[in-house]
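Here's the structure, in structure tokens; my notes come after.
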Amino acid sequence: MAEGTDEQISAVESSPNMASLCLDSSFSAPATAPLTLEEKYALVRSVAEECIQEDELRNLLEKKQNPICYDGFEPSGRMHIAQGVLKTINVNKLTSAGCTVKIWIADWFAQLNNKMGGDLKKIQTVGRYLIEIWKAVGMNLDRVEFLWSSDEINSRAHEYWPLVMDIARRNTLPRIIRCSQIMGRSEQDELTAAQIFYPCMQCADIFFLKADICQLGMDQRKVNVLAREYCDDIKRKNKPIILSHHMLPGLQQGQEKMSKSDPSSSIFMEDEEAEVNLKIKKAYCPPKIVEGNPCLEYIKYIIFPWFGKFEVTRNTENGGDKTFNNMDELIADYESGALHPADVKPALAKSINHILQPVRDHFKNNSGARELFRTVKNYRVTR
């Protein structure tokens with residue numbers, strides 16, 4: 001599929017109108033003029049590694065002032081920075097472009113997928129904890145709606161279940177099984193009947209929530225494509241636009257994504273400063289190698305979007321302090337050896353700790369949030 005160019009994305013992130021998107025709380029931006037269509041398009045497009053389809057996205061932003069974006073998550077345990085920080089960055093970009101973001105708290109889906117042992121009460125406790133984190137880290141909630149799947153489906157069952165049934169009726173079992181990746185499963189896994197039903201429901205969610213845009217990870221791509229195929233089946237002209245964002249890798253070599261069940265692969269949103277420092281210190285970061293380097297990925301997808309720069313502190317004999325203003329500049333130094341892993345890791349840990357400190361403070365100072373975290377931390381994560 002066609003993708004936006006790096007030039008488009010770089011242009012919008014360097015635009016004066018984009019300065020207010022910097023999430024560093026010490027930054028104060030002046031009032032800016034309304035975004036142009038091109039700025040809106042580039043901003044929304046920058047959220048995704050893949051867009052299906054770009055011409056449809058541009059047309060939507062031109063004709064609809066406040067498009068509806070659908071995002072969702074299973075409450076399934078503690079939150080790592082890919083879910084906490086990256087989602088906050090993406091949601092804030094979308095709302096800054098005028099979108100309304102509906103975040104689907106998929107409690108029934110987590111139960112279908114046996115998260116928290118299928119205990120709905122525990123799943124809902126985890127959901128409340130995750131919302132507390134997004135509030136604390138800096139998600140702009142002005143255009144965000146948190147919707148619990150169990151409540152919404154129960155209140156409009158007459159709309160929801162006929163839709164699920166129609167999607168199921170129009171698709172073969174092999175086609176539905178191909179969507180199993182959305183649940184963290186593979187096509188070779190022995191799936192329960194509930195897990196067969198799950199993709200039909202997630203596909204229905206998109207239409208149930210009247211979403212113009214599906215903003216989810218690359219691992220959710222197959223069910224979003226299923227929704228577009230369903231539009232073909234029912235002769236629906238306006239298909240949901242798919243924005244599939246990049247999946248942040250785990251900290252160790254060869255880990256394609258962070259995992260809640262493997263603490264060594266993840267930085268959690270309430271990790272203490274010393275824990276973050278140790279995890280980054282042990283992270284895979286081979287000298288002069290960019291491809292498959294998780295530390296450089298975190299800088300690209302978290303640090304630059306958050307701060308607009310990456311600051312390295314080092315002794316004069318090692319090159320002295322340096323501020324990188326874009327990823328290309330950093331990659332050039334890293335590939336040449338001018339920037340060493342021993343320079344990158346402390347600077348990365350410092351930046352991540354700066355982002356996470358408001359979350360730590362919130363869970364330390366707010367008694368309700370503190371009790372939620374204590375409860376969730378004691379839950380056993382089930383697959």
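Residue names in the structure tokens use chain letters A, B, ... in the order shown, residue numbers from 1 in each chain, and ligand numbers from 1 in the order shown.
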Among the residues of range 89-176 of chain A, find those DSSP assigns to strand (DSSP E or B) from the backbone and print them as a short mmCIF file (atom, residue, chain, number, x, y, z; two decimals) with all heavy atoms, in the first residue's frame.
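Saved file selection20.cif follows:
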```cif
data_model
loop_
_atom_site.label_atom_id
_atom_site.label_comp_id
_atom_site.auth_asym_id
_atom_site.auth_seq_id
_atom_site.Cartn_x
_atom_site.Cartn_y
_atom_site.Cartn_z
N THR A 100 -11.96 13.07 16.78
CA THR A 100 -12.48 12.54 18.04
C THR A 100 -12.01 11.10 18.14
O THR A 100 -12.19 10.31 17.21
CB THR A 100 -14.02 12.59 18.07
OG1 THR A 100 -14.44 13.95 18.04
CG2 THR A 100 -14.56 11.92 19.33
N VAL A 101 -11.38 10.75 19.25
CA VAL A 101 -10.83 9.41 19.43
C VAL A 101 -11.68 8.63 20.42
O VAL A 101 -11.83 9.03 21.58
CB VAL A 101 -9.36 9.45 19.91
CG1 VAL A 101 -8.82 8.03 20.10
CG2 VAL A 101 -8.49 10.21 18.91
N LYS A 102 -12.27 7.55 19.94
CA LYS A 102 -13.03 6.65 20.81
C LYS A 102 -12.14 5.48 21.20
O LYS A 102 -11.75 4.68 20.34
CB LYS A 102 -14.28 6.15 20.10
CG LYS A 102 -15.29 7.25 19.79
CD LYS A 102 -16.57 6.69 19.18
CE LYS A 102 -17.61 7.80 18.95
NZ LYS A 102 -18.88 7.26 18.41
N ILE A 103 -11.79 5.41 22.48
CA ILE A 103 -10.93 4.34 22.97
C ILE A 103 -11.82 3.26 23.58
O ILE A 103 -12.50 3.47 24.58
CB ILE A 103 -9.90 4.85 23.98
CG1 ILE A 103 -8.97 5.88 23.30
CG2 ILE A 103 -9.08 3.70 24.56
CD1 ILE A 103 -7.88 6.44 24.19
N TRP A 104 -11.82 2.12 22.94
CA TRP A 104 -12.68 0.99 23.26
C TRP A 104 -12.00 0.13 24.32
O TRP A 104 -10.99 -0.51 24.05
CB TRP A 104 -12.91 0.21 21.98
CG TRP A 104 -13.96 -0.85 21.92
CD1 TRP A 104 -13.76 -2.17 21.61
CD2 TRP A 104 -15.38 -0.71 22.08
NE1 TRP A 104 -14.95 -2.84 21.57
CE2 TRP A 104 -15.97 -1.97 21.86
CE3 TRP A 104 -16.20 0.37 22.40
CZ2 TRP A 104 -17.34 -2.18 21.95
CZ3 TRP A 104 -17.57 0.15 22.49
CH2 TRP A 104 -18.12 -1.10 22.27
N ILE A 105 -12.53 0.18 25.53
CA ILE A 105 -11.97 -0.64 26.61
C ILE A 105 -12.61 -2.02 26.49
O ILE A 105 -13.74 -2.24 26.92
CB ILE A 105 -12.25 -0.02 27.99
CG1 ILE A 105 -11.85 1.46 27.99
CG2 ILE A 105 -11.48 -0.77 29.08
CD1 ILE A 105 -12.26 2.21 29.23
N VAL A 144 -11.36 12.86 23.57
CA VAL A 144 -11.22 11.42 23.80
C VAL A 144 -12.42 10.90 24.59
O VAL A 144 -12.83 11.51 25.58
CB VAL A 144 -9.91 11.10 24.56
CG1 VAL A 144 -9.84 9.63 24.93
CG2 VAL A 144 -8.70 11.49 23.73
N GLU A 145 -12.97 9.78 24.12
CA GLU A 145 -14.05 9.10 24.85
C GLU A 145 -13.59 7.69 25.20
O GLU A 145 -13.20 6.94 24.31
CB GLU A 145 -15.32 9.01 23.98
CG GLU A 145 -15.88 10.34 23.54
CD GLU A 145 -17.05 10.17 22.57
OE1 GLU A 145 -17.70 9.10 22.61
OE2 GLU A 145 -17.31 11.09 21.77
N PHE A 146 -13.62 7.36 26.49
CA PHE A 146 -13.35 5.99 26.92
C PHE A 146 -14.68 5.24 27.00
O PHE A 146 -15.58 5.65 27.75
CB PHE A 146 -12.65 5.96 28.28
CG PHE A 146 -11.24 6.47 28.25
CD1 PHE A 146 -10.91 7.73 28.75
CD2 PHE A 146 -10.22 5.69 27.71
CE1 PHE A 146 -9.61 8.20 28.73
CE2 PHE A 146 -8.91 6.15 27.68
CZ PHE A 146 -8.61 7.40 28.19
N LEU A 147 -14.81 4.18 26.23
CA LEU A 147 -16.06 3.43 26.16
C LEU A 147 -15.82 1.97 26.54
O LEU A 147 -14.96 1.31 25.94
CB LEU A 147 -16.63 3.50 24.73
CG LEU A 147 -16.89 4.90 24.17
CD1 LEU A 147 -17.25 4.82 22.69
CD2 LEU A 147 -18.00 5.59 24.95
N TRP A 148 -16.58 1.48 27.53
CA TRP A 148 -16.45 0.09 27.97
C TRP A 148 -17.30 -0.79 27.05
O TRP A 148 -18.50 -0.56 26.89
CB TRP A 148 -16.90 -0.06 29.42
CG TRP A 148 -16.00 0.64 30.39
CD1 TRP A 148 -16.03 1.96 30.73
CD2 TRP A 148 -14.94 0.05 31.13
NE1 TRP A 148 -15.04 2.24 31.65
CE2 TRP A 148 -14.35 1.08 31.92
CE3 TRP A 148 -14.42 -1.24 31.23
CZ2 TRP A 148 -13.28 0.86 32.79
CZ3 TRP A 148 -13.35 -1.46 32.09
CH2 TRP A 148 -12.78 -0.43 32.85
#
```
Kindly assemble as a tab-separated table a list of the range 122-146 of chain A residues that lie within 9 Å of range 358-361 of chain A, each paired with its nearest atom pair and their distance in Å to one decimal, using only C-alpha atoms, sorted first by chain and then by ascending residue number.
```
residue	atom	partner	partner_atom	distance
A:Glu132	CA	A:Val359	CA	8.7
A:Ile133	CA	A:Val359	CA	6.3
A:Trp134	CA	A:Val359	CA	8.5
A:Lys135	CA	A:Val359	CA	8.6
A:Ala136	CA	A:Val359	CA	5.1
A:Val137	CA	A:Val359	CA	5.6
A:Gly138	CA	A:Pro358	CA	8.5
```
Checklist entry - Can you list, as a ChimeraX atom specification, every protein, DNA or RNA residue that comes within 12 Å of Phe207 in chain A when you count only C-alpha atoms, leaving out same-chain residues fewer than 6 positions away? => result /A:68-70,159-164,167,200-201,213-214,224,226-228,230-231,236,238-241
Can I get the selected residues back with N, CA, C and O atoms, as a CSV table (one decimal), in the first residue's frame?
```csv
chain,number,residue,atom,x,y,z
A,68,ILE,N,-14.1,10.5,13.3
A,68,ILE,CA,-14.1,9.6,14.4
A,68,ILE,C,-13.0,8.5,14.2
A,68,ILE,O,-13.0,7.8,13.3
A,69,CYS,N,-12.1,8.5,15.2
A,69,CYS,CA,-11.0,7.5,15.2
A,69,CYS,C,-11.3,6.4,16.2
A,69,CYS,O,-11.7,6.8,17.4
A,70,TYR,N,-11.1,5.2,15.9
A,70,TYR,CA,-11.3,4.1,16.8
A,70,TYR,C,-10.0,3.5,17.2
A,70,TYR,O,-9.1,3.2,16.4
A,159,GLU,N,-28.5,-3.3,18.0
A,159,GLU,CA,-27.7,-2.8,16.9
A,159,GLU,C,-26.4,-3.7,16.7
A,159,GLU,O,-26.0,-4.0,15.6
A,160,TYR,N,-25.9,-4.2,17.8
A,160,TYR,CA,-24.6,-4.8,17.8
A,160,TYR,C,-24.6,-6.2,17.3
A,160,TYR,O,-23.9,-6.6,16.4
A,161,TRP,N,-25.5,-7.1,17.9
A,161,TRP,CA,-25.4,-8.5,17.6
A,161,TRP,C,-25.9,-8.8,16.2
A,161,TRP,O,-25.3,-9.7,15.5
A,162,PRO,N,-26.9,-8.2,15.6
A,162,PRO,CA,-27.2,-8.4,14.2
A,162,PRO,C,-26.0,-8.1,13.3
A,162,PRO,O,-25.8,-8.8,12.3
A,163,LEU,N,-25.2,-7.1,13.6
A,163,LEU,CA,-24.0,-6.8,12.8
A,163,LEU,C,-23.0,-7.9,13.0
A,163,LEU,O,-22.4,-8.3,11.9
A,164,VAL,N,-22.7,-8.3,14.2
A,164,VAL,CA,-21.7,-9.4,14.4
A,164,VAL,C,-22.2,-10.7,13.6
A,164,VAL,O,-21.4,-11.3,12.9
A,167,ILE,N,-21.6,-10.3,9.8
A,167,ILE,CA,-20.1,-10.4,9.5
A,167,ILE,C,-19.7,-11.9,9.5
A,167,ILE,O,-19.0,-12.4,8.6
A,200,CYS,N,-15.0,-11.5,14.6
A,200,CYS,CA,-16.3,-11.0,14.1
A,200,CYS,C,-16.8,-9.8,15.0
A,200,CYS,O,-17.3,-8.9,14.4
A,201,MET,N,-16.6,-9.9,16.3
A,201,MET,CA,-17.0,-8.8,17.2
A,201,MET,C,-16.1,-7.6,17.0
A,201,MET,O,-16.6,-6.5,16.9
A,213,ILE,N,-11.9,6.1,11.0
A,213,ILE,CA,-10.5,5.7,11.0
A,213,ILE,C,-10.2,4.7,12.0
A,213,ILE,O,-10.7,4.8,13.2
A,214,CYS,N,-9.5,3.6,11.7
A,214,CYS,CA,-9.1,2.6,12.7
A,214,CYS,C,-7.6,2.9,12.9
A,214,CYS,O,-6.8,2.7,12.0
A,224,ASN,N,-8.8,-5.2,10.5
A,224,ASN,CA,-9.2,-3.9,9.9
A,224,ASN,C,-9.5,-4.1,8.4
A,224,ASN,O,-10.4,-3.5,7.8
A,226,LEU,N,-10.4,-6.9,7.1
A,226,LEU,CA,-11.7,-7.6,7.1
A,226,LEU,C,-12.9,-6.7,7.1
A,226,LEU,O,-13.9,-6.9,6.4
A,227,ALA,N,-12.8,-5.6,7.8
A,227,ALA,CA,-13.9,-4.6,7.8
A,227,ALA,C,-14.0,-3.9,6.5
A,227,ALA,O,-15.1,-3.7,6.0
A,228,ARG,N,-12.9,-3.7,5.8
A,228,ARG,CA,-13.0,-3.1,4.5
A,228,ARG,C,-13.6,-4.1,3.5
A,228,ARG,O,-14.4,-3.7,2.6
A,230,TYR,N,-15.7,-6.4,4.3
A,230,TYR,CA,-17.2,-6.4,4.6
A,230,TYR,C,-17.9,-5.3,3.9
A,230,TYR,O,-19.0,-5.5,3.4
A,231,CYS,N,-17.3,-4.1,3.8
A,231,CYS,CA,-17.9,-3.0,3.1
A,231,CYS,C,-18.1,-3.4,1.6
A,231,CYS,O,-19.2,-3.0,1.0
A,236,ARG,N,-21.1,-1.0,0.6
A,236,ARG,CA,-20.9,0.2,1.4
A,236,ARG,C,-19.8,1.0,0.8
A,236,ARG,O,-18.6,0.5,0.7
A,238,ASN,N,-18.3,4.1,1.8
A,238,ASN,CA,-17.3,4.7,2.7
A,238,ASN,C,-16.7,3.6,3.6
A,238,ASN,O,-17.4,3.1,4.5
A,239,LYS,N,-15.5,3.2,3.3
A,239,LYS,CA,-14.8,2.2,4.1
A,239,LYS,C,-14.0,2.8,5.2
A,239,LYS,O,-13.5,4.0,5.0
A,240,PRO,N,-13.8,2.1,6.3
A,240,PRO,CA,-12.9,2.7,7.3
A,240,PRO,C,-11.5,2.8,6.8
A,240,PRO,O,-11.0,1.8,6.2
A,241,ILE,N,-10.8,3.9,7.1
A,241,ILE,CA,-9.4,4.1,6.8
A,241,ILE,C,-8.6,3.4,7.8
A,241,ILE,O,-8.9,3.6,9.0
```
Next on the checklist: According to DSSP computed on the backbone, where in range 3-234 of chain A is there helix (DSSP H, G or I)? Give the residues as a PyMOL selection string.
Outcome noted: chain A and resi 6-14+16-21+37-45+54-63+81-96+107-112+115-118+120-137+149-155+157-169+173-177+180-183+193-208+218-233
Next on the checklist: Applying 10 Å and only C-alpha atoms, which residues near Gly118 in chain A remain after dropping the ones on its own chain fewer than 5 positions away? List them as JSON, numbers by chain.
Outcome noted: {"A": [76, 107, 108, 109, 110, 111, 112, 113, 123, 382, 383]}
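Proximity to Thr88 in chain A was assessed for A:Ala342, A:Phe208, A:Glu256, A:Ile302 counting only C-alpha atoms; the smallest distance is recorded for A:Ile302.
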Next on the checklist: Show me, as a PyMOL selection string, the residues that have an atom within 9 Å of range 275-289 of chain A when counting only C-alpha atoms, minus same-chain residues fewer than 4 positions from it.
Outcome noted: chain A and resi 250-253+264-268+271+293-296+331+333-342+344-346+348-350+352-353
Checklist entry - Looking at A:Asp262, A:Glu371, A:Asp232, A:Glu39, which one is nearest to Ser96 in chain A, with distances taken over only C-alpha atoms? => result A:Glu39
Name the residues in contact with Thr125 in chain A at a cut-off of 9 Å, using only C-alpha atoms, excluding same-chain residues fewer than 4 positions from it; report them as a compact mmCIF listing (two decimals) with N, CA, C and O atoms, in the first residue's frame.
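Written out: around_3.txt:
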```txt
# COMPACT_ATOMS: atom_id res chain seq x y z
N PRO A 75 -7.78 -4.89 28.50
CA PRO A 75 -7.14 -4.71 29.81
C PRO A 75 -6.57 -6.05 30.28
O PRO A 75 -7.30 -6.95 30.69
N LEU A 120 -13.89 -11.09 34.84
CA LEU A 120 -14.30 -9.78 34.34
C LEU A 120 -14.05 -8.67 35.35
O LEU A 120 -13.67 -7.55 34.97
N LYS A 121 -14.22 -8.95 36.62
CA LYS A 121 -13.99 -7.94 37.66
C LYS A 121 -12.52 -7.50 37.65
O LYS A 121 -12.22 -6.30 37.72
N TYR A 129 -7.12 1.16 35.85
CA TYR A 129 -5.71 1.47 36.09
C TYR A 129 -5.05 2.05 34.83
O TYR A 129 -4.30 3.03 34.90
N LEU A 130 -5.36 1.49 33.66
CA LEU A 130 -4.77 1.97 32.42
C LEU A 130 -5.22 3.40 32.10
O LEU A 130 -4.43 4.22 31.65
N LEU A 372 -5.15 1.00 43.03
CA LEU A 372 -5.34 0.30 41.75
C LEU A 372 -4.05 -0.39 41.31
O LEU A 372 -4.06 -1.56 40.91
N THR A 375 -3.20 -3.43 43.40
CA THR A 375 -4.07 -4.56 43.07
C THR A 375 -3.64 -5.22 41.76
O THR A 375 -3.50 -6.44 41.66
N VAL A 376 -3.43 -4.39 40.73
CA VAL A 376 -3.08 -4.93 39.40
C VAL A 376 -1.72 -5.61 39.43
O VAL A 376 -1.52 -6.66 38.78
```
Checklist entry - Between CA of Ala48 in chain A and CA of Ile242 in chain A, what is the spacing in Å? => result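 Computed distance, CA of Ile242 in chain A to CA of Ala48 in chain A, equals 8.7 Å.
Across the structure, CA of Arg156 in chain A and CA of Lys115 in chain A are spaced 24.6 Å apart.
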Item to check | Residue nearest Met139 in chain A - candidates A:Ile355, A:Met116, A:Ile177, A:Ile89, atoms counted: only C-alpha atoms | outcome: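 Ranking A:Ile355, A:Met116, A:Ile177, A:Ile89 by distance to Met139 in chain A, first place goes to A:Ile89.
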Next on the checklist: Quick one: residues within 7 Å of Pro199 in chain A, only C-alpha atoms, excluding same-chain residues fewer than 4 positions away - as a VMD selection string?
Outcome noted: chain A and resid 176 179 203 223
